[in-house]
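S.K.: Below you'll find data_2.tsv; it's TSV, C-alpha atoms.
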chain	number	residue	atom	x	y	z
A	9	MET	CA	112.47	109.00	79.35
A	10	MET	CA	115.13	110.52	77.09
A	11	GLU	CA	117.92	113.08	77.06
A	12	ASP	CA	120.16	114.68	74.43
A	13	ARG	CA	123.81	113.64	74.14
A	14	SER	CA	126.47	114.78	71.70
A	15	CYS	CA	127.83	112.29	69.19
A	16	LEU	CA	129.88	112.07	66.04
A	17	LYS	CA	127.61	111.47	63.06
A	18	ILE	CA	128.76	109.86	59.82
A	19	ASP	CA	126.44	109.94	56.83
A	20	SER	CA	127.56	108.99	53.32
A	21	GLY	CA	131.15	109.88	54.17
A	22	ASN	CA	130.25	113.24	55.75
A	23	VAL	CA	131.38	113.60	59.38
A	24	ALA	CA	129.93	116.12	61.84
A	25	TYR	CA	129.15	116.61	65.52
A	26	GLY	CA	125.50	116.64	66.49
A	27	GLU	CA	122.94	115.94	69.20
A	28	CYS	CA	121.21	112.57	69.62
A	29	SER	CA	118.15	111.66	71.71
A	30	ILE	CA	119.10	108.82	74.06
A	31	ALA	CA	116.81	106.66	76.22
A	32	LYS	CA	117.44	107.22	79.94
A	33	GLU	CA	118.59	104.30	82.07
A	34	ALA	CA	118.83	104.39	85.86
A	35	PRO	CA	119.11	101.89	88.73
A	36	LEU	CA	116.29	101.19	91.17
A	37	SER	CA	117.40	99.32	94.27
A	38	ILE	CA	114.58	97.36	95.92
A	39	SER	CA	114.73	96.09	99.49
A	40	ILE	CA	112.15	93.82	101.09
A	41	ASN	CA	111.66	93.93	104.85
A	42	GLY	CA	115.04	95.57	105.27
A	43	LYS	CA	116.98	93.10	103.08
A	44	GLN	CA	118.38	93.96	99.67
A	45	TYR	CA	116.30	92.12	97.08
A	46	VAL	CA	117.29	93.29	93.60
A	47	THR	CA	118.60	96.22	91.58
A	48	ALA	CA	116.74	96.91	88.36
A	49	MET	CA	118.18	98.93	85.51
A	50	MET	CA	115.18	100.67	84.02
A	51	SER	CA	113.63	103.76	82.50
A	52	PRO	CA	112.98	106.06	85.49
A	53	LEU	CA	109.20	106.39	85.13
A	54	MET	CA	106.30	104.46	86.74
A	55	LYS	CA	108.53	103.16	89.54
A	56	ARG	CA	105.62	102.27	91.82
A	57	GLU	CA	103.88	100.34	89.04
A	58	PHE	CA	107.13	98.55	88.25
A	59	VAL	CA	107.81	97.47	91.85
A	60	ILE	CA	104.28	96.14	92.38
A	61	GLY	CA	104.17	94.43	89.00
A	62	HIS	CA	107.61	92.89	89.50
A	63	LEU	CA	106.78	91.52	92.95
A	64	VAL	CA	103.60	89.92	91.61
A	65	SER	CA	105.12	88.61	88.36
A	66	GLU	CA	108.07	87.14	90.28
A	67	ARG	CA	105.64	85.63	92.82
A	68	MET	CA	107.06	87.48	95.82
A	69	VAL	CA	103.47	88.51	96.62
A	70	LYS	CA	100.09	87.34	95.36
A	71	ASP	CA	98.41	90.74	95.30
A	72	LEU	CA	98.38	94.20	96.88
A	73	SER	CA	97.03	92.85	100.18
A	74	GLU	CA	100.43	91.25	100.87
A	75	ILE	CA	102.26	94.59	100.55
A	76	GLU	CA	102.12	96.34	103.92
A	77	SER	CA	104.00	99.46	102.88
A	78	MET	CA	106.16	100.86	100.09
A	79	GLU	CA	108.42	103.91	100.11
A	80	ILE	CA	110.18	105.10	96.97
A	81	GLU	CA	112.74	107.88	97.21
A	82	GLY	CA	115.15	108.61	94.40
A	83	ASN	CA	116.69	105.36	93.21
A	84	THR	CA	115.63	103.34	96.26
A	85	ALA	CA	112.41	101.44	96.96
A	86	LYS	CA	111.73	100.02	100.42
A	87	VAL	CA	108.94	97.45	100.61
A	88	VAL	CA	107.45	95.62	103.58
A	89	ILE	CA	105.49	92.45	102.76
A	90	THR	CA	103.57	89.99	104.91
A	91	ASN	CA	105.57	86.94	103.82
A	92	PRO	CA	109.26	87.91	103.53
A	93	ILE	CA	110.40	84.26	103.41
A	94	ARG	CA	109.84	84.27	99.64
A	95	ALA	CA	112.43	87.00	99.23
A	96	LEU	CA	115.17	85.69	101.54
A	97	THR	CA	117.42	84.72	98.62
A	98	SER	CA	119.21	87.77	97.24
A	99	ARG	CA	118.59	88.31	93.52
A	100	LYS	CA	121.04	89.26	90.79
A	101	PRO	CA	120.69	92.68	89.10
A	102	ILE	CA	118.01	92.92	86.42
A	103	VAL	CA	119.72	94.43	83.41
A	104	SER	CA	117.73	96.16	80.73
A	105	GLY	CA	117.98	93.36	78.16
A	106	CYS	CA	117.46	90.35	80.42
A	107	GLY	CA	114.83	89.05	82.75
A	108	GLY	CA	114.81	88.33	86.44
A	109	SER	CA	116.24	85.25	88.03
A	110	SER	CA	113.19	83.02	88.04
A	111	SER	CA	113.94	79.31	88.23
A	112	PHE	CA	111.63	76.85	86.51
A	113	LEU	CA	110.19	74.54	85.15
A	114	ASP	CA	108.78	72.65	88.12
A	115	GLY	CA	105.32	71.77	86.84
A	116	ALA	CA	103.97	71.36	90.37
A	117	LYS	CA	104.91	74.95	91.23
A	118	LEU	CA	103.89	76.67	88.01
A	119	PRO	CA	100.78	78.88	88.11
A	120	ARG	CA	97.72	77.82	86.13
A	121	ILE	CA	95.70	80.39	84.21
A	122	SER	CA	91.96	80.30	84.77
A	123	SER	CA	90.24	82.44	82.14
A	124	ASP	CA	87.64	81.99	79.42
A	125	LEU	CA	88.82	85.12	77.58
A	126	ARG	CA	88.50	85.03	73.80
A	127	VAL	CA	89.95	87.80	71.61
A	128	ASP	CA	89.23	88.58	67.99
A	129	GLY	CA	92.39	88.34	65.90
A	130	ALA	CA	91.70	91.80	64.47
A	131	ARG	CA	91.85	93.28	67.99
A	132	ILE	CA	95.31	91.79	68.53
A	133	LEU	CA	96.49	93.42	65.30
A	134	GLU	CA	94.97	96.76	66.36
A	135	ALA	CA	96.60	96.51	69.79
A	136	MET	CA	99.99	95.87	68.22
A	137	ARG	CA	99.61	98.93	66.03
A	138	ALA	CA	98.68	100.99	69.09
A	139	ILE	CA	101.86	100.13	71.01
A	140	SER	CA	104.13	100.46	67.98
A	141	VAL	CA	103.64	104.23	67.67
A	142	SER	CA	105.95	105.75	70.27
A	143	GLU	CA	107.54	109.19	70.10
A	144	VAL	CA	110.28	108.06	72.51
A	145	HIS	CA	111.06	104.97	70.42
A	146	GLN	CA	111.09	106.93	67.19
A	147	SER	CA	113.47	109.47	68.74
A	148	THR	CA	115.82	107.06	70.53
A	149	GLY	CA	115.30	103.65	68.92
A	150	GLY	CA	115.87	102.15	72.37
A	151	ILE	CA	112.48	101.62	73.99
A	152	HIS	CA	110.17	98.62	74.30
A	153	SER	CA	106.40	99.01	74.66
A	154	VAL	CA	103.93	96.70	76.38
A	155	GLY	CA	100.19	97.29	76.35
A	156	LEU	CA	97.32	95.86	78.33
A	157	PHE	CA	93.99	95.64	76.54
A	158	GLY	CA	90.55	94.48	77.64
A	159	CYS	CA	86.98	94.25	76.41
A	160	GLN	CA	86.67	98.04	76.45
A	161	GLY	CA	89.94	98.60	74.59
A	162	GLU	CA	93.24	100.02	75.82
A	163	ILE	CA	93.98	99.78	79.54
A	164	CYS	CA	97.53	101.11	79.50
A	165	ILE	CA	100.68	101.30	77.39
A	166	CYS	CA	104.00	101.24	79.24
A	167	GLU	CA	107.50	101.89	77.95
A	168	ASP	CA	110.94	100.95	79.21
A	169	ILE	CA	114.43	100.15	77.95
A	170	GLY	CA	113.72	96.55	78.99
A	171	ARG	CA	110.77	94.49	77.75
A	172	HIS	CA	110.51	92.70	81.10
A	173	ASN	CA	110.40	96.04	82.92
A	174	ALA	CA	107.70	97.34	80.57
A	175	LEU	CA	105.61	94.22	81.23
A	176	ASP	CA	106.06	94.58	84.99
A	177	LYS	CA	104.90	98.20	84.76
A	178	ALA	CA	101.79	97.18	82.83
A	179	ILE	CA	101.00	94.44	85.36
A	180	GLY	CA	101.54	96.89	88.22
A	181	PHE	CA	99.26	99.46	86.59
A	182	GLY	CA	96.54	96.85	86.22
A	183	ILE	CA	96.83	95.76	89.85
A	184	ILE	CA	96.86	99.31	91.24
A	185	ASN	CA	93.76	100.18	89.20
A	186	LYS	CA	91.97	96.95	90.17
A	187	ILE	CA	91.82	95.63	86.60
A	188	ASN	CA	90.70	92.02	86.21
A	189	LEU	CA	93.85	90.72	84.53
A	190	LYS	CA	92.13	87.42	83.74
A	191	GLY	CA	89.96	89.39	81.31
A	192	ALA	CA	92.86	91.25	79.67
A	193	PHE	CA	95.59	90.44	77.18
A	194	ALA	CA	99.12	91.82	76.77
A	195	VAL	CA	101.00	92.81	73.62
A	196	SER	CA	104.73	93.52	73.42
A	197	THR	CA	107.21	94.90	70.92
A	198	GLY	CA	109.93	92.57	72.25
A	199	ARG	CA	110.45	88.85	71.81
A	200	ILE	CA	108.72	86.41	74.15
A	201	SER	CA	111.18	84.47	76.29
A	202	SER	CA	110.22	81.99	79.01
A	203	ASP	CA	110.41	84.60	81.77
A	204	MET	CA	108.05	86.92	79.88
A	205	ALA	CA	105.57	84.05	79.57
A	206	LEU	CA	105.95	83.20	83.26
A	207	LYS	CA	105.31	86.80	84.30
A	208	CYS	CA	101.97	86.76	82.45
A	209	ALA	CA	101.01	83.39	83.88
A	210	SER	CA	101.88	84.54	87.42
A	211	ALA	CA	99.69	87.62	86.99
A	212	GLY	CA	96.85	85.58	85.50
A	213	ILE	CA	97.01	87.24	82.06
A	214	PRO	CA	95.70	84.61	79.61
A	215	LEU	CA	97.17	85.86	76.31
A	216	LEU	CA	100.53	87.38	75.38
A	217	ALA	CA	101.28	88.56	71.84
A	218	SER	CA	104.46	89.99	70.37
A	219	ARG	CA	105.70	91.67	67.22
A	220	GLY	CA	108.85	89.60	67.63
A	221	ALA	CA	109.68	85.93	67.96
A	222	THR	CA	109.22	83.48	70.80
A	223	THR	CA	111.46	80.76	72.24
A	224	SER	CA	110.94	77.03	72.62
A	225	LEU	CA	110.95	77.22	76.42
A	226	ALA	CA	108.33	79.97	76.36
A	227	ILE	CA	106.08	77.69	74.31
A	228	THR	CA	106.64	74.79	76.73
A	229	LEU	CA	105.83	77.03	79.68
A	230	ALA	CA	102.71	78.39	77.95
A	231	GLU	CA	101.50	74.83	77.35
A	232	LYS	CA	101.94	73.97	81.03
A	233	THR	CA	100.30	77.13	82.40
A	234	GLY	CA	97.45	77.56	79.90
A	235	LEU	CA	98.81	80.76	78.35
A	236	THR	CA	97.98	81.65	74.76
A	237	LEU	CA	101.19	82.63	72.99
A	238	VAL	CA	101.14	84.69	69.77
A	239	SER	CA	104.21	85.93	67.88
A	240	PHE	CA	105.16	87.73	64.66
A	241	VAL	CA	102.08	89.96	64.84
A	242	ARG	CA	102.78	92.11	61.82
A	243	GLY	CA	100.49	93.57	59.20
A	244	LYS	CA	97.68	91.04	58.94
A	245	LYS	CA	99.76	88.06	60.07
A	246	MET	CA	100.42	86.24	63.33
A	247	ASN	CA	101.60	82.84	64.55
A	248	ILE	CA	99.66	81.20	67.39
A	249	TYR	CA	101.65	78.56	69.25
A	250	THR	CA	99.47	77.53	72.20
A	251	ASN	CA	95.79	77.53	73.23
A	252	SER	CA	94.64	78.95	69.91
A	253	TRP	CA	90.97	78.64	70.96
A	254	ARG	CA	91.30	82.04	72.65
A	255	VAL	CA	91.86	83.79	69.31
A	256	VAL	CA	88.60	84.21	67.40
A	257	GLY	CA	89.11	83.62	63.69
A	258	SER	CA	91.97	81.17	64.16
A	259	GLU	CA	89.86	78.10	63.36
A	260	LEU	CA	91.27	75.96	60.56
A	261	ASP	CA	89.30	75.48	57.37
A	262	PRO	CA	87.51	72.07	57.63
A	263	LYS	CA	89.09	71.04	54.31
A	264	VAL	CA	92.56	71.66	55.74
A	265	VAL	CA	91.71	69.69	58.88
A	266	SER	CA	90.55	66.72	56.78
A	267	GLN	CA	93.79	66.82	54.80
A	268	LEU	CA	95.86	66.78	57.99
A	269	ALA	CA	93.88	63.90	59.52
Now that the file is in, can you turn its structure into structure tokens?
M.R.:
Amino acid sequence: MMEDRSCLKIDSGNVAYGECSIAKEAPLSISINGKQYVTAMMSPLMKREFVIGHLVSERMVKDLSEIESMEIEGNTAKVVITNPIRALTSRKPIVSGCGGSSSFLDGAKLPRISSDLRVDGARILEAMRAISVSEVHQSTGGIHSVGLFGCQGEICICEDIGRHNALDKAIGFGIINKINLKGAFAVSTGRISSDMALKCASAGIPLLASRGATTSLAITLAEKTGLTLVSFVRGKKMNIYTNSWRVVGSELDPKVVSQLA
């Protein structure tokens, strides 16, 4: 996940050579049924989880049953799926700071989340604290974390130079381990853009929370898919933008409601 590189350090006017811990970045070329699909720039761990999670979150496959085989060797992943028509259009590279190339918002084609999950607000705060303590991040300052949590607590915490990649890894981990994603929620250290929201909706995850901000299109997408969107989860605070009924303790004081009416 990280390596040491030499650099010139300047501190209060003092200049010296030293060693810095740097987050690793490497390409992973994915082909589907013999055709080049996409090249992802990612942290070179949990490649299998990433590929499966990415294919599901980008709606190339619905679940593991549609993946006939997968071979990962070095920086190449070869996948055979039952319905290759979905992947006929070549995709642009996925760089570490950006998402995939999903096109939306066609309401008729958007997934709909079916889940009665409710989460106590305190659990969201605890989950955010759990993913915010990373030795790799503290050493490099260049890693995003995404965690999946369920009724029994932590399911997994995944790290990557890209927030989208980290989310794909978490989704892939859940699918491989037969986790009911409709009964889980995701928390992220990175901001929530529309493609992050769509990935959760495609995987059936009903709630996505972030330490960072969200975007207007992510909120629109969450409204259309039934996703609960929570941002600025810091300390004891959070902002809930959509489907707030899933967060226990978010009910407005009756006096406030009467004043707004």
S.K.: Would you kindly return, as a PyMOL selection string, each protein, DNA or RNA residue with an atom no farther than 8 Å from any atom of region 223-234 of chain A, considering all atoms listed in the file and excluding same-chain residues fewer than 5 positions away?
M.R.: chain A and resi 113+115+118-122+200-206+209+214+249-251
S.K.: From the list A:Arg171, A:Lys190, A:Arg131, A:Lys207, which residue is nearest Val241 (chain A) when using only C-alpha atoms?
M.R.: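 Distance minimum relative to Val241 (chain A) lands on A:Arg131.
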S.K.: My list of candidates is A:Ala192, A:Gly161, A:Ala31, A:Ile184. Which is closest to Arg126 (chain A) when distances are computed with only C-alpha atoms?
M.R.: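 Of all the options, A:Ala192 lies closest to Arg126 (chain A).
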S.K.: Write out as a PyMOL selection string which residues come within 12 Å of Lys86 (chain A) when counting all atoms listed in the file, dropping same-chain ones fewer than 6 positions away.
M.R.: chain A and resi 36-47+55-56+59-60+75-80
S.K.: With only C-alpha atoms as the basis for distance, which of A:Leu125, A:Ala221, A:Val154, A:Ala194 is at the shortest distance from His172 (chain A)?
M.R.: A:Val154
S.K.: Fewer than 5 positions away in the same chain doesn't count, so skip those; otherwise give me all residues within 10 Å of Asn247 (chain A), counting only C-alpha atoms, as a PyMOL selection string.
M.R.: chain A and resi 217-218+221-222+237-242+252+258
S.K.: Kindly save the residues from that selection, with C-alpha atoms included, as a PDB file, keeping the file's coordinate frame.
M.R.:
ATOM      1  CA  ALA A 217     101.280  88.560  71.840  1.00  0.00           C
ATOM      2  CA  SER A 218     104.460  89.990  70.370  1.00  0.00           C
ATOM      3  CA  ALA A 221     109.680  85.930  67.960  1.00  0.00           C
ATOM      4  CA  THR A 222     109.220  83.480  70.800  1.00  0.00           C
ATOM      5  CA  LEU A 237     101.190  82.630  72.990  1.00  0.00           C
ATOM      6  CA  VAL A 238     101.140  84.690  69.770  1.00  0.00           C
ATOM      7  CA  SER A 239     104.210  85.930  67.880  1.00  0.00           C
ATOM      8  CA  PHE A 240     105.160  87.730  64.660  1.00  0.00           C
ATOM      9  CA  VAL A 241     102.080  89.960  64.840  1.00  0.00           C
ATOM     10  CA  ARG A 242     102.780  92.110  61.820  1.00  0.00           C
ATOM     11  CA  SER A 252      94.640  78.950  69.910  1.00  0.00           C
ATOM     12  CA  SER A 258      91.970  81.170  64.160  1.00  0.00           C
TER      13      SER A 258
END
S.K.: My list of candidates is A:Asp71, A:Ser51, A:Cys159, A:Arg254. Which is closest to Gly212 (chain A) when distances are computed with all atoms listed in the file?
M.R.: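 Of A:Asp71, A:Ser51, A:Cys159, A:Arg254, the one nearest Gly212 (chain A), counting all atoms listed in the file, is A:Asp71.
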S.K.: Using all atoms listed in the file, which protein or nucleic acid residues come within 9 Å of Met68 (chain A)? Drop anything in the same chain fewer than 2 positions from it, and give the result as a list in words.
M.R.: His62, Leu63, Val64, Ser65, Glu66, Lys70, Ile89, Asn91, Pro92, Ile93, Arg94 and Ala95 of chain A
S.K.: What does the distance from CA of Ile213 (chain A) to CA of Lys32 (chain A) come to in Å, to one decimal?
M.R.: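 Between these atoms lies a distance of 28.7 Å.
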S.K.: Using all atoms listed in the file, find the one residue out of A:Glu143, A:Asp176, A:Glu74, A:Asp128 that sits nearest to Gly155 (chain A).
M.R.: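 Result for the nearest residue to Gly155 (chain A): A:Asp176.
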S.K.: Between CA of Ile139 (chain A) and CA of Asp124 (chain A), measure the distance and give it in Å to one decimal.
M.R.: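 Computing the Euclidean distance for CA of Ile139 (chain A) and CA of Asp124 (chain A) yields 24.5 Å.
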S.K.: What would the list of residues within 12 Å of (123.3, 114.8, 72.6) (file frame) look like as a ChimeraX atom specification, if all atoms listed in the file are what count?
M.R.: /A:10-17,25-31,147-148
